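Asks: mmCIF, C-alpha atoms, saved as work_3.cif, coming up:
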data_model
loop_
_atom_site.group_PDB
_atom_site.id
_atom_site.type_symbol
_atom_site.label_atom_id
_atom_site.label_comp_id
_atom_site.auth_asym_id
_atom_site.auth_seq_id
_atom_site.Cartn_x
_atom_site.Cartn_y
_atom_site.Cartn_z
ATOM 1 C CA MET W 1 -9.065 -14.590 -18.024
ATOM 2 C CA LEU W 2 -8.896 -16.525 -14.741
ATOM 3 C CA PHE W 3 -7.305 -13.804 -12.599
ATOM 4 C CA ARG W 4 -5.833 -10.310 -12.538
ATOM 5 C CA SER W 5 -2.760 -9.235 -10.531
ATOM 6 C CA VAL W 6 -2.632 -5.774 -8.947
ATOM 7 C CA SER W 7 -0.398 -3.910 -6.525
ATOM 8 C CA GLN W 8 -1.795 -4.224 -2.993
ATOM 9 C CA SER W 9 -0.536 -0.782 -2.044
ATOM 10 C CA ARG W 10 -3.125 0.784 -4.356
ATOM 11 C CA TYR W 11 -5.920 -0.614 -2.191
ATOM 12 C CA SER W 12 -4.627 -0.606 1.390
ATOM 13 C CA ASP W 13 -1.726 0.256 3.666
ATOM 14 C CA SER W 14 -0.382 -3.320 3.719
ATOM 15 C CA GLN W 15 2.484 -4.581 1.614
ATOM 16 C CA GLY W 16 2.182 -7.414 -0.853
ATOM 17 C CA ARG W 17 0.530 -8.306 -4.106
ATOM 18 C CA LEU W 18 -3.142 -8.979 -4.666
ATOM 19 C CA VAL W 19 -4.561 -11.376 -7.244
ATOM 20 C CA ILE W 20 -8.253 -11.002 -8.081
ATOM 21 C CA LEU W 21 -9.944 -14.246 -9.130
ATOM 22 C CA THR W 22 -12.228 -13.372 -12.047
ATOM 23 C CA ASP W 23 -13.613 -16.617 -13.514
ATOM 24 C CA PHE W 24 -15.765 -17.680 -10.581
ATOM 25 C CA GLY W 25 -16.984 -20.906 -12.216
ATOM 26 C CA TYR W 26 -13.418 -22.096 -12.753
ATOM 27 C CA TRP W 27 -12.358 -21.242 -9.213
ATOM 28 C CA VAL W 28 -15.391 -22.937 -7.649
ATOM 29 C CA GLU W 29 -14.467 -26.126 -9.527
ATOM 30 C CA HIS W 30 -10.817 -25.863 -8.432
ATOM 31 C CA LEU W 31 -11.248 -24.410 -4.934
ATOM 32 C CA GLN W 32 -9.774 -27.364 -3.012
ATOM 33 C CA GLU W 33 -6.756 -27.455 -5.322
ATOM 34 C CA LEU W 34 -6.304 -23.674 -4.972
ATOM 35 C CA MET W 35 -6.550 -23.858 -1.167
ATOM 36 C CA GLU W 36 -3.922 -26.613 -1.043
ATOM 37 C CA TRP W 37 -1.643 -24.715 -3.422
ATOM 38 C CA CYS W 38 -1.939 -21.552 -1.291
ATOM 39 C CA ARG W 39 -1.131 -23.457 1.912
ATOM 40 C CA GLU W 40 2.024 -24.834 0.302
ATOM 41 C CA ASN W 41 3.098 -21.626 -1.448
ATOM 42 C CA GLY W 42 2.224 -18.748 0.858
ATOM 43 C CA GLY W 43 -0.999 -17.393 -0.618
ATOM 44 C CA GLU W 44 -3.836 -16.166 1.585
ATOM 45 C CA ILE W 45 -7.334 -16.537 0.101
ATOM 46 C CA ASN W 46 -9.827 -13.855 1.065
ATOM 47 C CA GLY W 47 -13.105 -14.079 -0.855
ATOM 48 C CA SER W 48 -12.348 -13.616 -4.546
ATOM 49 C CA THR W 49 -8.768 -12.459 -3.918
ATOM 50 C CA VAL W 50 -5.455 -14.067 -3.027
ATOM 51 C CA LEU W 51 -2.817 -12.024 -1.185
ATOM 52 C CA PHE W 52 0.885 -12.759 -1.632
ATOM 53 C CA ARG W 53 3.847 -11.328 0.273
ATOM 54 C CA ASN W 54 6.098 -10.754 -2.730
ATOM 55 C CA ASP W 55 6.490 -10.875 -6.501
ATOM 56 C CA GLU W 56 8.073 -14.335 -6.429
ATOM 57 C CA GLU W 57 4.905 -15.849 -4.937
ATOM 58 C CA VAL W 58 2.784 -14.084 -7.563
ATOM 59 C CA THR W 59 5.067 -15.406 -10.309
ATOM 60 C CA ALA W 60 4.685 -18.958 -8.963
ATOM 61 C CA PHE W 61 0.878 -18.478 -8.944
ATOM 62 C CA VAL W 62 0.856 -17.181 -12.523
ATOM 63 C CA LEU W 63 3.048 -20.050 -13.721
ATOM 64 C CA ARG W 64 0.831 -22.622 -12.023
ATOM 65 C CA TRP W 65 -2.605 -21.243 -12.900
ATOM 66 C CA SER W 66 -2.094 -19.702 -16.370
#
Have the structure of the file written as structure tokens, please.

Replies:
Amino acid sequence: MLFRSVSQSRYSDSQGRLVILTDFGYWVEHLQELMEWCRENGGEINGSTVLFRNDEEVTAFVLRWS
């Protein structure tokens, strides 16, 4: 499993969806590609998580990285 998607509201007061990156080796190898994808598609990387504003952005992430 490369990532896990969770509801952001469970962990903070902010809105959005949180994706937890779980396969650290994979993400280290693909970090530049992930950063570029997030810039183009609205994701915000924060450590081993990526925050999205809505379900559509999460769906695009899942389709790209699954």

Asks: Go through W:Ser48, W:Arg17, W:Asp55, W:Asn41 and flag the residue nearest Leu2 of chain W, using all atoms listed in the file for the distances.

Replies: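 For Leu2 of chain W, the nearest of the candidates is W:Ser48.
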
Asks: Which residues would end up in the selection if the PyMOL selection byres ((chain W and resi 61) around 10) were applied here, given that I need the answer as a ChimeraX atom specification?

Replies: /W:19,34,37-38,41-43,50,52,55-60,62-66

Asks: Can you tell me how far atom CA of Thr22 of chain W sits from atom CA of Met35 of chain W, in Å to one decimal?

Replies: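 It comes out at 16.1 Å.
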
Asks: Quick one: of W:Phe3, W:Leu21, W:Glu29, W:Gly16, who's nearest to Gly47 of chain W, counting only C-alpha atoms?

Replies: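 Counting only C-alpha atoms, the residue closest to Gly47 of chain W is W:Leu21.
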
Asks: Would you mind telling me which residue in W:Phe24, W:Arg39, W:Leu18, W:Glu33 lies nearest to Leu51 of chain W when using all atoms listed in the file?

Replies: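 Nearest candidate to Leu51 of chain W out of W:Phe24, W:Arg39, W:Leu18, W:Glu33: W:Leu18.
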